[in-house]
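Undergrad: A single structure is presented below for examination.
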Amino acid sequence: MPAKPSTPSSRTKPRGVFFGVGAMLGHVIKGVKTPVPPKPRVVREEIIEQPVDLPQGRVVLRRTVRDEVVPTPPPPSQRPKPRGS
């Protein structure tokens with residue numbers, strides 16, 4: 001017979017405070033070590049507004065065109081090693 005998967009209701013003893021603190025610290029450390037992707041740089045932005053009269057009233061149609069340069073991250077072999085590892 002296969003083993004029953006562990007669920008919170010089937011545990012005999014609840015996890016302690018130190019387990020929760022350790023899990024939280026693990027998430028914080030993972031967030032610090034994860035590299036942040038570079039931000040895109042806006043090269044050109046064009047906004048065109050056209051007022052239009054409709055039976056319900058006057059509205060403004062707006063079209064926004066944004067050209068961005070999105071740098072790609074370097075390959076893993078060229079990335080600097082994170083501190084502490």
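Following the order of the structure tokens, chains are lettered A, B, ..., residues in each are numbered from 1, and ligands are numbered from 1.
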List as a list in words the protein and nucleic acid residues near segment 41-53 of chain A, meaning an atom at most 8 Å away when only C-alpha atoms are counted, but skip any in the same chain fewer than 4 places from it.

TA: Gly57, Arg58, Val59, Val60, Leu61, Arg62, Arg63, Thr64, Val65, Arg66, Asp67, Glu68, Val69 and Val70 of chain A

Undergrad: Please produce a file of those selected residues containing C-alpha atoms, as a compact mmCIF listing (two decimals), in the first residue's frame.

TA:
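Saved as selection-v5.txt:
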# COMPACT_ATOMS: atom_id res chain seq x y z
CA GLY A 57 -21.21 62.61 -25.47
CA ARG A 58 -17.70 63.69 -26.38
CA VAL A 59 -14.85 61.21 -25.85
CA VAL A 60 -11.11 61.27 -26.51
CA LEU A 61 -9.51 58.36 -28.35
CA ARG A 62 -5.88 57.98 -27.26
CA ARG A 63 -3.20 55.85 -28.91
CA THR A 64 0.16 55.46 -27.22
CA VAL A 65 3.16 53.98 -29.03
CA ARG A 66 6.28 53.29 -26.94
CA ASP A 67 9.58 52.03 -28.33
CA GLU A 68 11.80 50.42 -25.71
CA VAL A 69 15.24 48.85 -25.68
CA VAL A 70 15.21 45.72 -23.51

Undergrad: Considering only C-alpha atoms, can you say which of A:Pro71, A:Gly22, A:Pro76, A:Pro55 comes closest to Pro38 of chain A?

TA: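 Residue with the minimum atom-to-atom distance to Pro38 of chain A: A:Pro71.
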
Undergrad: Please measure the separation of atom CA of Thr72 of chain A and atom CA of Gly31 of chain A, giving the value in Å to one decimal.

TA: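 Between atom CA of Thr72 of chain A and atom CA of Gly31 of chain A the gap is 20.3 Å.
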